[in-house]
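Worksheet for the structure shown next.
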Protein chains: 2
Amino acid sequence: MAAEVHGGRAKCLQRLIRLDMPVPTTVALSFDAVRRIAHGWTPDMEALLAPFGEDPLLSVRPSSLDPDWGGPGAVLNIGMNGVRHKTLAAQIGDAAATALYLRFIQSYAVNVARLDAEPFRHAEGDLDAMLAAYEEETDEPFPQDPAQQLSEVLRFMARAWDGTTARILREAKGAPADAGLGLVVQAMALGVGAPESGAGVIQFADEATGAPQIKGRYKSQSQGRDALKGNGAIYLTKDARGPSLEELCPAIYADLVRFGTLARQKLREEMQIEFTIENDALFVLDAVRVPRSSRAAVRIAVALAEDKIIPREEAILRIPPATLNDLLHRQVAPGADRDVFARGIAASPGAASGRLVFSSSEAQASAARGEPSVLVRRETTPEDIRGMHAASAVVTARGGITSHAAVIGRGLGLPCIVGVSALAIDPKSRTVTASGQVLAEGDLVTVDGHTGELLVGQPEMVEPALGEAFQTLLDWADAVRDIGVRANADTPADAETARIFNAEGIGLCRTEHMFFEGERLTVMREMIFAESPADRAAALDRLLPMQRADFADLFKIMRGLPVCIRLFDPPLHEFLPTDKAGLRELAEALDRPLSDVTHRAREMSEYNPMLGLRGVRLGITVPEIYDMQARAIFEAAADVARHGDPVIPEIMIPLVSARREVELVRGRMDAVAAAVRAEKRAEIPYKLGVMVETPRAALRAGDIAESTTFLSFGTNDLTQMTYGLSRDDAGRFMSDYVQKGVYREDPFHTLDLEGVGELLAMGAERGRAMRPDIVLSVCGEHGGSQAAIAFCRAYGFDYVSCSPFRVPGARLSAARLAISERMGFAEPPLKPGKVLIYQ
Amino acid sequence: MAAEVHGGRAKCLQRLIRLDMPVPTTVALSFDAVRRIAHGWTPDMEALLAPFGEDPLLSVRPSSLDPDWGGPGAVLNIGMNGVRHKTLAAQIGDAAATALYLRFIQSYAVNVARLDAEPFRHAEGDLDAMLAAYEEETDEPFPQDPAQQLSEVLRFMARAWDGTTARILREAKGAPADAGLGLVVQAMALGVGAPESGAGVIQFADEATGAPQIKGRYKSQSQGRDALKGNGAIYLTKDARGPSLEELCPAIYADLVRFGTLARQKLREEMQIEFTIENDALFVLDAVRVPRSSRAAVRIAVALAEDKIIPREEAILRIPPATLNDLLHRQVAPGADRDVFARGIAASPGAASGRLVFSSSEAQASAARGEPSVLVRRETTPEDIRGMHAASAVVTARGGITSHAAVIGRGLGLPCIVGVSALAIDPKSRTVTASGQVLAEGDLVTVDGHTGELLVGQPEMVEPALGEAFQTLLDWADAVRDIGVRANADTPADAETARIFNAEGIGLCRTEHMFFEGERLTVMREMIFAESPADRAAALDRLLPMQRADFADLFKIMRGLPVCIRLFDPPLHEFLPTDKAGLRELAEALDRPLSDVTHRAREMSEYNPMLGLRGVRLGITVPEIYDMQARAIFEAAADVARHGDPVIPEIMIPLVSARREVELVRGRMDAVAAAVRAEKRAEIPYKLGVMVETPRAALRAGDIAESTTFLSFGTNDLTQMTYGLSRDDAGRFMSDYVQKGVYREDPFHTLDLEGVGELLAMGAERGRAMRPDIVLSVCGEHGGSQAAIAFCRAYGFDYVSCSPFRVPGARLSAARLAISERMGFAEPPLKPGKVLIYQ
C-alpha cells in the first residue's frame, strides 16, 4: 500500500498493524476507487463488507496524500439500524445504544443526506422523533441496510472532495489540481459500555515548544475525539489536579507509552495516537503527525535526528525555510481575538503594537516618551528614516513589496504593511479612515506583518524563540550547503544581527541612509547647495569623519569577514525637503532666500528619479562624493586592520550601464588609495566591483567584467527596468495583475526566471567568459528566496545576500537544495534563453 | 597615380594633363614622402628640380585624399631671388617683377620661416627694406638658393599638417587619424606681364541652386585666386554691367568652356577650374569640385546621372542623407549676422522667428492675433500641445533629444531647441536670462534648430526648396531600396506630410495626443474622475465619435496604405492639471469640491510615471478605454472602406512585458470586432501587434509572437529601460557623459547597437522562430537614421518608421545601403551577442 495510491492515513494504519498494534479491521479505498465513486460507480458492497463480519459497525475517514490538505469529516457508527440497536442495547444498555443510534441518524441526515439540521436538533434525545424527522424530510424511512448506508457515506465523502471550496482550500495549501482522496473503512471500537470503555488521544511532545512531554485526554464512554471537547475528560499521566488514565488503567497506559515510542522509532515522526478502550481492551484507531508550531517543528526534527531516528539531512528537509520567519519575530498569538481595521500587503514580518502617529517627528517624540508607536504614512521617503527607526511598526497606504517602507522595514526587522489602499489618511484632523471606521492619533493599534493586517487594540502576542534546536539545525545546514550567504546591512545594528545569524559577510551596505541622520543631513544639504568646488569640499570634509566612523564600526563588527560597500546611489534631490515648511527651514539654515532654495530644489527634481541622475552617473558628474567615500573606507580599513583582523573592503559601483563608467571610477579610487597609502604608510588593498542592475550592464557584462573583480546583481532595479515597472508605483495594480494571471507572481517578490533570470544568466556567463575568477552574487531582495538560490546555484554564483532576518532561511534553503540535488530529486532549474510556452 | 598615395589634387592634375589641358609642369610628392620630410628627411633637391629647367618659379599646393580635410595654404613664386628678379624685370618690367619678389619674401618670412608679421608689413612696397627686415629678424640674408627655398617650403607644409589644430579640424570632418598629405610642386604661370596676362576661376553651375550657369572672375595682372578678392576683376561671360573675358580673349574663353565640359564628362563632376593667362597663353593650374549648398548638391548629382555621366546609384551615394534635412526646412541664411543669446541641443531642424512667449495660452493668443511666437518653457508637458501647435518654434531649458518637446517638435516639423541649461526663466516677471542678458515677453527672437542656437532678433532666412531634382533622386532611391519606410503620424497634418514624402504607410500613430484638444480634454477628465462604470461609459461614449472621426481622417488620407495605431499609452494623471488654478477650474467643471479633486489627483501621481500604470497595464486595469478605441478604429475602417480603398487597420499594444497581456487585449478586441461586424454587416479585418519597448518583451518575444502578427520595436523606451535612463532627465548630464567618452554617443540619438541592439536582434530572432511570417519593424526615433536602417536590414526587418520629415532621409539611407551592399563595399553590420572590446 502506497500513500500515493491510498493516502497517508491508510498507509499509516498499515504500518501500525505491521507493528502489531491493536488496530481494528480496516479496508482502504484507493484514490482511483473514490474518484470512480464520485462519478457514479458503486463498489461491490458485499465484498467490501465481508471482512467486517456480521452486523458490523463501521467508521469512514478521509485519507489524502497530505493530511494538511483537509477532507470530509469522519462518519462513525455506520451500520446502526433498528436490529443492531436492539442487540446493542442488550450488550451495553438501552441508553448507550440509543445514544449511538441517535448520533448516527443525526450525522447521516445532516452530513450525508444533506438535510436541514433544524428538525434533527429538535429531535435530539428522542429516537422516534428522530426517525420521524428523517421520514418527514425525505419521504422515506431511515435506511436500515448497512450496505446502503455505507454506499451513501462513501458517495457523499467522494463528492465532498470535489467541491469548489474544498478544492480551493487544499490548493492554497499546495495540493495539485488532481490530488486524490482515499477512504478508510474501519470496524468501530465502541468506547461505550462496561467494563471500562472510552476514547482518547495521546502524544509525546508539546505542540507549542516541541519539548518531550506526554499530553492528551481520555474520556470514559466516548467515541473518536470527544475527549478533546466538552467535559468529563481526565488526564493521561498522574496529575495532582485530577484523575488520570495512568491510575485508572495502568496496563493500558503502559501499552500506549510503548506504542508511542515504537511509532516514533518506526514511523520516524512524533505521532499523536487516537485510541479507544472497549471492554478493558485497547484499540489503536489512528495516528497522525503531532500538529506543531514552527518552533516545535524545528525542535522535533532536530530531536529525531539527534536520536538517530532520521539523518540530519532529513531534519533539514523537513523544515520549510519560511517556517524560520515565525521564529525570528513576535507573533500575534494564534488564538487571539483580531479586530481587523484594514488589510494590505504583508511587507515585513513580525507583529507590534503602539499608539497611532502620522509623522516621523511624532514617532520620535513618542519614542522619547518611551511609548511605542505605529507610524502610518501615505508612503515613506528617505526623510522618514528617523521616524521609522523610532516607530515599532510602519503602515503605508501605497507601495508594493519592494517600496521604500517595505525595504527599510525588512532591513530594520520592523513589522510593516504597505499598499493598504483602503486607508484614507487625513493629516489635518490626524485621523485615518478605512471602510467607515475612524482611528485618531494616539489610538492603540497592532500591525501583523505576517498576515498584512492592521488591528485595533493590542491582542495577545507570542515572543520570538530561537533556541538551541534552531542553532543546531542551521549548523547542520551550513555543513552541507555549497553557496555563500551574506547579509544586506547598512548600520551597526544590522551588522550585529547579521553576525547573530552567521552571515558570511555583508553583501550590500547601502551608504545613503548614513546621510539622513540629524546633523549629517544638514551638511549634506550644504554640500548639495555648494556654490563652488571649495564649498563643496568643505562640506564633504565634515562628512568624512562621520563616514569613516560608520565604516570602522562595520569592519570591527564583521571581524575580518568581507564587507561590500555600495557607493552613494540616490539622486541628490532625495535629501531636500519637499514641503514649504521644510524649504523655509532649509533656507534659514543655509542663510539664503527662500525663493533661491525653492528654485534650486525644483531645478533638481526629476520626472523619473529611478532613471535619473543617480548612482555612478552622480559619481562621475560630482566625483568628490565618491572620493570622500573612498577615503573614508580606506582610512577606516587601515585603522581597524592595525588593531585587529585584516580588512579588504569591497567597493561596489551602482547603476553602471557602460564599461567606461567603471574605468573612470576605478581611476579615482586608485588615486585616493594611493594617497591614503602614503599618509597611513599602510597597504590599502581593496576590490572594485559592479552592481548589475540595468539590463545593459547584464548584456555588456563581458566588457564590464574586464575592469572588475566581482559582479553583484541587484535584482530589484533589474526587475524594474526589465519590466519597465517601478516598484513604488506597481502596488496599485499588481494584485489585480497577479489575480488575472497576467503575471504568475509579483516579480518583485518571486524572481522572474524567464526574463530577469535570462539577463542574470547572460551576465554571469559573459562575465565569467572574460574573467574566469570573477565573483558572482545576487544582492537584491530576491536573494533570500529558495527559487533565487536554486537559480544562483545552477549558474555557479558564489553567494546570495539578503536582509539579516532572511539569512537563516537562506542558509536553510541553500542546504535543502544541496541535499535534494545529492539525493537526485532536485527539479532541474529552469534554463532561460529558450522559448518557453506557458499560460 | 592614385589619390590614396598622392592625394586628390595630384590625381586630378594628372587627369587634366591626360585630357590634354595646358597644365604647367607638375611634380607630386606622395603621402609617404611628405611624412618623411616632416620627420627630417630632405629629398634629392636636384632631382626634384630637374623637370622645371633653369631658374624655375614654382608653386606648392597641398593634396590630401579629401579636399574638405584642409591643409596648409599654397605658396607661390618659389625661386624668386636677386638674379631672377633682374631677368624677370627685363621681361615683364621692374614694377611687376619687384611686386612678385616682395610678395614671395613676405609670404616666406611669415608662413615658412614663421617670423613676426609686423616688420614685413611695414616694409611693404620697399624691396630693400623687406630684405633688411628679413636679415634683421633672422641674422641671415634672405635665402637665394631655389633648392633651399623649396626645401624649406616643403618642410613647413609637411609639419603644418601634423599640427594639433589641423589634426582636430580634419578629424572633425571625418579624416582618419593617419590621414596623409601629398604636395604638388608646379611651374608658375606668372599672370603678370604683357601681352594679356592674369588669373581667374571658372565654373559651370550655380553653387546655391546647382543650376547650369557659367560663373567666375578674371583679373589681369594677378596670380592664383586674386580675382576673387579685391577690385579689378572682370566677368567671364558677356555682361551688361561691365567688361568680360569672353570679349577680351574670345579664343581663350572658348577653350575654357570646352575644358569645363570635358572635365565634367571625364572627371564625372561639376569642376571649378583655376587658370592663368601668361602672354596670351592659357594655363590650367588646378580644378576642384564646385563648392555647393545641399540643394545644389542634389541638383548637380541628378543632372550628372540624367546626362548619363554617372549611374543613378552613384548619384544616390553622392548625397549624404543628412543633406536632405537642409532642404526640408527654412534655414538661417549662411552669411547672416547671428546674435546668440543661448545654446542648447538642436532637437528639431529648421529656423523660425517670433515674439517671445512663456505659456501655451500666450502662444495661442499670439497665433489668434496672427503674430508668430517662440514658446520658451522650462519643459513641455502634454498640456502644452496646443501651445506648441500655435507657436513657430519651441525652446526648453531642460530635456534631451527625445524629450517631449523634441519629439513633438519633430513630429510637427517645428524648430526646437532643448536642454538650454543656461536659461533662467522667471514666469512672474515674464523674462528670461542667460549669462547676464535679459529678454522679455514680446521680444523678437529666432530659433535655429540646426545649430541649437537661440538668436536675438530676426536674421535673414533661406526658404526650403524641394524641387524636381529632390523628387527624382528619391524616386531612384525607392527603386533600389529593399526595406520599407513608414512615417510616425498622429494627426491628419502629419499624415499629409507623410504622403508628400511618399511614406509607405503609418508605422506609429500615437492616439493620446488626440485627447488633449479642447473639449476632449474635459470629457477625458470626466472619464478619469468617473465614480461608476456607467459614468465612465458615458464619458467614453462621448469620446467615441471624435476618435472615430480621427481614424477615418487618417484612413482617408492614407488611401489604403497600412496605418498602425498604438492604443492609449500615457498614465491618466498626465491629463490632469498640475497647478492650483487648473485644479480649481477642474473642480468647478466637474462640480466637485476642490479638496476632493486635489486629493484624487495626488492619489494618481506616480514616482516614476515612465515605469508606472500606463500602456497595456492601463488597458487591462481600465479596459473600457481600449474597447472604445477598438470600436472607433473598426467603425472608421468599415465606413471608409465602404466608399474607398480597403482598410486593414493595425492595432499595436504598448508597454507589453508578458504574453498574457496580449491575450487579454486580443480577447476584448475580438469581441468588439464581432460586435461591430454584426452592427455594420461588414467584415472587420485587423492585425494585432505588440510594441516591444521593455527589455522583457524583447527577451520573451518568442511567446509574445505567438499571439501577434507584428512586432514593432519602440527603441526610445527600450533604450530608456535598457540603460535605466529617463530621456527627460538625461539632458542634465548627457553632454558631459558624451564629452568624457562614457557613452560614445547619446543613445537616444544614435541607436546603441551593442546593448539595445542585442535586444532587438534577440527579439527579432525569437519572434521569427515562433512565427516565421511575423512583420518586424522599428518605430522609435532612431528609425530614420542610417545606422539603425543598416541594423534593421542586417536582421531582416520589414520596415522602419520615423517622423515624416525624416522619411526622405530614411528612403535615401535605405537605398545607399542596398547599393553599397550590392557593390560589395558595405561594412559588415555589427553582430551583437559577442563580447566586444572597445574603449
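Ligands are numbered from 1 in the order shown, chains are lettered A, B, ... in the order of the C-alpha cells, and residues start at 1 in each chain.
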
- Message: Taking 3 positions as the minimum chain separation for residues in the same chain, which residues sit within 10 Å of Ala493 of chain B when counting only C-alpha atoms? Answer as a PyMOL selection string.
- Response: chain B and resi 411-412+489-490+496-499+554+557

May I have the selected residues written with N, CA, C and O atoms, as a PDB file, in the first residue's frame?
ATOM      1  N   GLY B 411       7.787  65.956 -34.777  1.00  0.00           N
ATOM      2  CA  GLY B 411       6.532  65.494 -35.367  1.00  0.00           C
ATOM      3  C   GLY B 411       5.823  66.616 -36.101  1.00  0.00           C
ATOM      4  O   GLY B 411       5.270  66.416 -37.185  1.00  0.00           O
ATOM      5  N   LEU B 412       5.829  67.805 -35.509  1.00  0.00           N
ATOM      6  CA  LEU B 412       5.133  68.940 -36.116  1.00  0.00           C
ATOM      7  C   LEU B 412       6.010  69.648 -37.148  1.00  0.00           C
ATOM      8  O   LEU B 412       5.553  70.577 -37.804  1.00  0.00           O
ATOM      9  N   ALA B 489       2.904  59.243 -37.556  1.00  0.00           N
ATOM     10  CA  ALA B 489       1.987  60.346 -37.814  1.00  0.00           C
ATOM     11  C   ALA B 489       0.804  60.246 -36.875  1.00  0.00           C
ATOM     12  O   ALA B 489       0.131  59.228 -36.821  1.00  0.00           O
ATOM     13  N   ASP B 490       0.567  61.320 -36.124  1.00  0.00           N
ATOM     14  CA  ASP B 490      -0.518  61.314 -35.137  1.00  0.00           C
ATOM     15  C   ASP B 490      -1.731  62.089 -35.614  1.00  0.00           C
ATOM     16  O   ASP B 490      -2.824  61.904 -35.087  1.00  0.00           O
ATOM     17  N   GLU B 496      -0.649  63.916 -44.010  1.00  0.00           N
ATOM     18  CA  GLU B 496      -0.473  64.595 -45.301  1.00  0.00           C
ATOM     19  C   GLU B 496       1.018  64.724 -45.617  1.00  0.00           C
ATOM     20  O   GLU B 496       1.459  64.464 -46.740  1.00  0.00           O
ATOM     21  N   THR B 497       1.786  65.126 -44.623  1.00  0.00           N
ATOM     22  CA  THR B 497       3.232  65.246 -44.823  1.00  0.00           C
ATOM     23  C   THR B 497       3.821  63.889 -45.200  1.00  0.00           C
ATOM     24  O   THR B 497       4.663  63.789 -46.100  1.00  0.00           O
ATOM     25  N   ALA B 498       3.369  62.862 -44.506  1.00  0.00           N
ATOM     26  CA  ALA B 498       3.865  61.520 -44.796  1.00  0.00           C
ATOM     27  C   ALA B 498       3.594  61.146 -46.250  1.00  0.00           C
ATOM     28  O   ALA B 498       4.451  60.558 -46.926  1.00  0.00           O
ATOM     29  N   ARG B 499       2.431  61.519 -46.747  1.00  0.00           N
ATOM     30  CA  ARG B 499       2.098  61.201 -48.145  1.00  0.00           C
ATOM     31  C   ARG B 499       2.994  61.996 -49.084  1.00  0.00           C
ATOM     32  O   ARG B 499       3.481  61.478 -50.094  1.00  0.00           O
ATOM     33  N   LEU B 554      -7.515  59.744 -40.980  1.00  0.00           N
ATOM     34  CA  LEU B 554      -6.215  59.116 -41.285  1.00  0.00           C
ATOM     35  C   LEU B 554      -6.368  58.071 -42.393  1.00  0.00           C
ATOM     36  O   LEU B 554      -5.582  58.028 -43.342  1.00  0.00           O
ATOM     37  N   ILE B 557      -6.831  59.764 -45.767  1.00  0.00           N
ATOM     38  CA  ILE B 557      -5.599  60.371 -46.295  1.00  0.00           C
ATOM     39  C   ILE B 557      -4.639  59.300 -46.790  1.00  0.00           C
ATOM     40  O   ILE B 557      -3.993  59.448 -47.821  1.00  0.00           O
TER      41      ILE B 557
END

Test item: residues at most 12 Å from Arg600 of chain A, only C-alpha atoms, excluding those fewer than 4 positions along its chain, as a tab-separated table (two decimals) with N, CA, C and O atoms, in the first residue's frame:
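Writing the result to around10.tsv gives the following:
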chain	number	residue	atom	x	y	z
A	525	ARG	N	23.03	68.79	2.79
A	525	ARG	CA	22.32	69.82	2.04
A	525	ARG	C	23.23	70.99	1.71
A	525	ARG	O	23.15	71.57	0.63
A	528	ILE	N	25.09	69.92	-1.25
A	528	ILE	CA	24.28	69.96	-2.47
A	528	ILE	C	24.15	71.40	-2.98
A	528	ILE	O	24.20	71.65	-4.18
A	529	PHE	N	24.05	72.34	-2.05
A	529	PHE	CA	23.84	73.74	-2.46
A	529	PHE	C	25.15	74.50	-2.62
A	529	PHE	O	25.13	75.70	-2.81
A	530	ALA	N	26.28	73.81	-2.47
A	530	ALA	CA	27.57	74.49	-2.55
A	530	ALA	C	27.68	75.26	-3.86
A	530	ALA	O	27.33	74.77	-4.92
A	531	GLU	N	28.18	76.51	-3.76
A	531	GLU	CA	28.32	77.36	-4.94
A	531	GLU	C	29.63	77.06	-5.67
A	531	GLU	O	29.73	77.21	-6.87
A	572	LEU	N	20.40	63.34	-5.66
A	572	LEU	CA	20.62	64.29	-4.56
A	572	LEU	C	19.32	64.92	-4.07
A	572	LEU	O	19.19	65.26	-2.90
A	573	HIS	N	18.34	65.07	-4.98
A	573	HIS	CA	17.14	65.77	-4.54
A	573	HIS	C	16.38	65.01	-3.45
A	573	HIS	O	15.54	65.58	-2.77
A	576	LEU	N	16.54	66.75	-0.14
A	576	LEU	CA	15.94	68.06	0.06
A	576	LEU	C	14.51	67.91	0.57
A	576	LEU	O	13.84	66.94	0.26
A	577	PRO	N	14.06	68.87	1.37
A	577	PRO	CA	12.67	68.79	1.84
A	577	PRO	C	11.73	69.02	0.66
A	577	PRO	O	12.11	69.64	-0.34
A	578	THR	N	10.51	68.49	0.77
A	578	THR	CA	9.58	68.63	-0.34
A	578	THR	C	8.44	69.58	0.01
A	578	THR	O	7.73	70.04	-0.88
A	583	LEU	N	11.33	73.65	3.30
A	583	LEU	CA	12.14	74.52	2.45
A	583	LEU	C	12.48	75.81	3.19
A	583	LEU	O	13.60	76.32	3.09
A	586	LEU	N	15.16	75.09	5.62
A	586	LEU	CA	16.42	74.90	4.91
A	586	LEU	C	17.00	76.25	4.49
A	586	LEU	O	18.21	76.50	4.64
A	587	ALA	N	16.13	77.13	3.98
A	587	ALA	CA	16.60	78.44	3.55
A	587	ALA	C	17.24	79.17	4.73
A	587	ALA	O	18.29	79.81	4.60
A	592	ARG	N	19.97	81.61	2.92
A	592	ARG	CA	19.70	82.01	1.54
A	592	ARG	C	18.23	82.39	1.43
A	592	ARG	O	17.41	81.94	2.21
A	593	PRO	N	17.90	83.17	0.40
A	593	PRO	CA	16.48	83.49	0.23
A	593	PRO	C	15.66	82.23	-0.09
A	593	PRO	O	16.15	81.33	-0.80
A	594	LEU	N	14.44	82.20	0.41
A	594	LEU	CA	13.57	81.03	0.19
A	594	LEU	C	13.37	80.77	-1.30
A	594	LEU	O	13.38	79.63	-1.76
A	595	SER	N	13.20	81.85	-2.07
A	595	SER	CA	12.92	81.69	-3.50
A	595	SER	C	14.09	80.97	-4.18
A	595	SER	O	13.90	80.12	-5.05
A	596	ASP	N	15.30	81.30	-3.74
A	596	ASP	CA	16.50	80.68	-4.31
A	596	ASP	C	16.50	79.18	-4.01
A	596	ASP	O	16.68	78.33	-4.90
A	604	MET	N	16.27	70.61	-9.43
A	604	MET	CA	16.87	69.28	-9.26
A	604	MET	C	15.86	68.15	-9.36
A	604	MET	O	16.23	67.00	-9.47
A	605	SER	N	14.57	68.48	-9.28
A	605	SER	CA	13.58	67.42	-9.30
A	605	SER	C	13.61	66.69	-10.64
A	605	SER	O	14.06	67.25	-11.65
B	424	ALA	N	17.50	80.95	-17.49
B	424	ALA	CA	16.75	81.10	-16.24
B	424	ALA	C	15.46	81.82	-16.57
B	424	ALA	O	15.48	82.99	-16.94

- Message: DSSP on the backbone, helix (DSSP H, G or I) only: what residues of segment 160-271 of chain A does that give? Format it as a VMD selection string.
- Response: chain A and resid 160 to 162 164 to 172 226 to 228 245 to 248 250 to 267

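Using only C-alpha atoms, the chain B residues found within 6 Å of chain A amount to B:Asn608, B:Leu611, B:Gly612, B:Ser657, B:Arg660, B:Glu661, B:Thr694, B:Pro695, B:Arg696, B:Gly702, B:Asp703, B:Met721, B:Thr722, B:Tyr723, B:Gly724, B:Leu725, B:Ser726, B:Asp729, B:Val742, B:Gly755, B:Val835.
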
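For the pair atom CA of Asp639 of chain B and atom CA of Pro545 of chain B, the separation is 12.5 Å.
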
Excluding Ile819 of chain B and its own-chain neighbours fewer than 2 positions away, which residues fall within 10 Å of it when counting only C-alpha atoms? Please give them as a PDB file with N, CA, C and O atoms, in the first residue's frame.
ATOM      1  N   GLU B 313      22.795  55.137 -59.302  1.00  0.00           N
ATOM      2  CA  GLU B 313      23.245  54.661 -57.995  1.00  0.00           C
ATOM      3  C   GLU B 313      24.322  55.581 -57.434  1.00  0.00           C
ATOM      4  O   GLU B 313      24.371  55.857 -56.234  1.00  0.00           O
ATOM      5  N   GLU B 314      25.195  56.037 -58.329  1.00  0.00           N
ATOM      6  CA  GLU B 314      26.263  56.891 -57.830  1.00  0.00           C
ATOM      7  C   GLU B 314      25.704  58.242 -57.397  1.00  0.00           C
ATOM      8  O   GLU B 314      26.158  58.822 -56.403  1.00  0.00           O
ATOM      9  N   ILE B 316      22.921  58.703 -56.034  1.00  0.00           N
ATOM     10  CA  ILE B 316      22.353  58.446 -54.699  1.00  0.00           C
ATOM     11  C   ILE B 316      23.449  58.425 -53.641  1.00  0.00           C
ATOM     12  O   ILE B 316      23.329  59.024 -52.574  1.00  0.00           O
ATOM     13  N   LEU B 317      24.557  57.747 -53.974  1.00  0.00           N
ATOM     14  CA  LEU B 317      25.644  57.638 -52.999  1.00  0.00           C
ATOM     15  C   LEU B 317      26.313  58.985 -52.743  1.00  0.00           C
ATOM     16  O   LEU B 317      26.948  59.172 -51.711  1.00  0.00           O
ATOM     17  N   ALA B 477      15.921  56.329 -55.458  1.00  0.00           N
ATOM     18  CA  ALA B 477      16.232  55.625 -54.209  1.00  0.00           C
ATOM     19  C   ALA B 477      15.192  54.531 -53.947  1.00  0.00           C
ATOM     20  O   ALA B 477      15.541  53.392 -53.609  1.00  0.00           O
ATOM     21  N   VAL B 480      15.662  51.204 -55.706  1.00  0.00           N
ATOM     22  CA  VAL B 480      16.722  50.261 -55.312  1.00  0.00           C
ATOM     23  C   VAL B 480      16.620  49.770 -53.871  1.00  0.00           C
ATOM     24  O   VAL B 480      17.142  48.715 -53.530  1.00  0.00           O
ATOM     25  N   ARG B 481      15.936  50.528 -53.008  1.00  0.00           N
ATOM     26  CA  ARG B 481      15.982  50.119 -51.596  1.00  0.00           C
ATOM     27  C   ARG B 481      15.161  48.854 -51.368  1.00  0.00           C
ATOM     28  O   ARG B 481      14.224  48.562 -52.120  1.00  0.00           O
ATOM     29  N   ASP B 482      15.521  48.119 -50.310  1.00  0.00           N
ATOM     30  CA  ASP B 482      14.904  46.825 -50.063  1.00  0.00           C
ATOM     31  C   ASP B 482      14.358  46.718 -48.640  1.00  0.00           C
ATOM     32  O   ASP B 482      14.207  45.629 -48.097  1.00  0.00           O
ATOM     33  N   SER B 813      18.795  56.742 -47.206  1.00  0.00           N
ATOM     34  CA  SER B 813      19.725  55.880 -46.468  1.00  0.00           C
ATOM     35  C   SER B 813      19.543  54.428 -46.869  1.00  0.00           C
ATOM     36  O   SER B 813      20.522  53.691 -47.083  1.00  0.00           O
ATOM     37  N   ALA B 814      18.284  54.008 -46.936  1.00  0.00           N
ATOM     38  CA  ALA B 814      17.999  52.614 -47.264  1.00  0.00           C
ATOM     39  C   ALA B 814      18.550  52.282 -48.646  1.00  0.00           C
ATOM     40  O   ALA B 814      19.145  51.212 -48.863  1.00  0.00           O
ATOM     41  N   ALA B 815      18.381  53.208 -49.591  1.00  0.00           N
ATOM     42  CA  ALA B 815      18.889  52.977 -50.943  1.00  0.00           C
ATOM     43  C   ALA B 815      20.411  52.891 -50.937  1.00  0.00           C
ATOM     44  O   ALA B 815      21.011  52.015 -51.565  1.00  0.00           O
ATOM     45  N   ARG B 816      21.051  53.810 -50.234  1.00  0.00           N
ATOM     46  CA  ARG B 816      22.521  53.819 -50.189  1.00  0.00           C
ATOM     47  C   ARG B 816      23.050  52.507 -49.625  1.00  0.00           C
ATOM     48  O   ARG B 816      24.054  51.968 -50.097  1.00  0.00           O
ATOM     49  N   LEU B 817      22.372  51.991 -48.609  1.00  0.00           N
ATOM     50  CA  LEU B 817      22.821  50.733 -48.004  1.00  0.00           C
ATOM     51  C   LEU B 817      22.666  49.581 -48.991  1.00  0.00           C
ATOM     52  O   LEU B 817      23.557  48.728 -49.098  1.00  0.00           O
ATOM     53  N   GLU B 821      25.860  47.550 -50.471  1.00  0.00           N
ATOM     54  CA  GLU B 821      25.970  46.111 -50.290  1.00  0.00           C
ATOM     55  C   GLU B 821      26.158  45.425 -51.638  1.00  0.00           C
ATOM     56  O   GLU B 821      27.013  44.551 -51.795  1.00  0.00           O
ATOM     57  N   ARG B 822      25.373  45.882 -52.638  1.00  0.00           N
ATOM     58  CA  ARG B 822      25.466  45.270 -53.957  1.00  0.00           C
ATOM     59  C   ARG B 822      26.866  45.473 -54.539  1.00  0.00           C
ATOM     60  O   ARG B 822      27.414  44.627 -55.212  1.00  0.00           O
ATOM     61  N   MET B 823      27.425  46.649 -54.270  1.00  0.00           N
ATOM     62  CA  MET B 823      28.761  46.937 -54.792  1.00  0.00           C
ATOM     63  C   MET B 823      29.838  46.261 -53.962  1.00  0.00           C
ATOM     64  O   MET B 823      31.007  46.317 -54.309  1.00  0.00           O
ATOM     65  N   GLY B 824      29.439  45.668 -52.842  1.00  0.00           N
ATOM     66  CA  GLY B 824      30.408  44.905 -52.062  1.00  0.00           C
ATOM     67  C   GLY B 824      31.257  45.746 -51.141  1.00  0.00           C
ATOM     68  O   GLY B 824      32.195  45.250 -50.539  1.00  0.00           O
ATOM     69  N   PHE B 825      30.943  47.045 -51.018  1.00  0.00           N
ATOM     70  CA  PHE B 825      31.749  47.798 -50.054  1.00  0.00           C
ATOM     71  C   PHE B 825      30.968  48.241 -48.823  1.00  0.00           C
ATOM     72  O   PHE B 825      31.336  49.174 -48.151  1.00  0.00           O
ATOM     73  N   ALA B 826      29.888  47.504 -48.535  1.00  0.00           N
ATOM     74  CA  ALA B 826      29.196  47.799 -47.285  1.00  0.00           C
ATOM     75  C   ALA B 826      30.008  47.254 -46.128  1.00  0.00           C
ATOM     76  O   ALA B 826      30.569  46.177 -46.208  1.00  0.00           O
TER      77      ALA B 826
END

- Item | Straight-line distance linking atom CA of Leu115 of chain B with atom CA of Ile37 of chain B, stated in Å to one decimal | 21.2 Å

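The neighbours of His450 of chain B here are the residues that come within 7 Å of it, using only C-alpha atoms and leaving out any residue fewer than 5 positions away in the same chain; they are Ala346, Pro349 and Gly350 of chain B.
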
- Item | Selection: 10 Å around Val672 of chain A, only C-alpha atoms, excl. self and same-chain fewer than 6 positions, as number ranges by chain | A: 626-632, 634, 666, 678, 684

- Message: Could you go through segment 34-114 of chain A and tell me which residues DSSP, when run on the backbone, assigns to strand (DSSP E or B), listing them as a PyMOL selection string?
- Response: chain A and resi 58-64+75-78

- Message: Need to verify the contact set: segment 562-565 of chain A, 8 Å, only C-alpha atoms, exclusion of same-chain residues closer than 5 positions in sequence. Can you return it as JSON, numbers by chain?
- Response: {"A": [504, 505, 506, 507, 508, 509, 510, 511, 554, 555, 647, 648, 649, 650, 651, 652]}

- Computed interatomic separation between atom CA of Tyr795 of chain B and atom CA of Arg811 of chain B (Å): 17.8 Å

- Task: Might you pull out every residue within 6 Å of Val485 of chain B, with only C-alpha atoms counted and same-chain residues fewer than 3 positions away left off, and present them as a list in words?
- Result: Ala503, Glu504, Tyr799, Val800 and Ser801 of chain B

- If you count only C-alpha atoms, the residue of A:Met45, A:Leu466, A:Ala297, A:Val418 closest to Thr323 of chain A turns out to be A:Ala297

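Proximity of B:Ala479, B:Met527, B:Cys802, B:Val27 to Arg542 of chain B, computed with only C-alpha atoms, is greatest for B:Met527.
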
- Note on the structure: Of A:Leu327, A:Ala38, A:Asp670, A:Arg602, the one nearest to Gly467 of chain A when counting only C-alpha atoms is A:Leu327
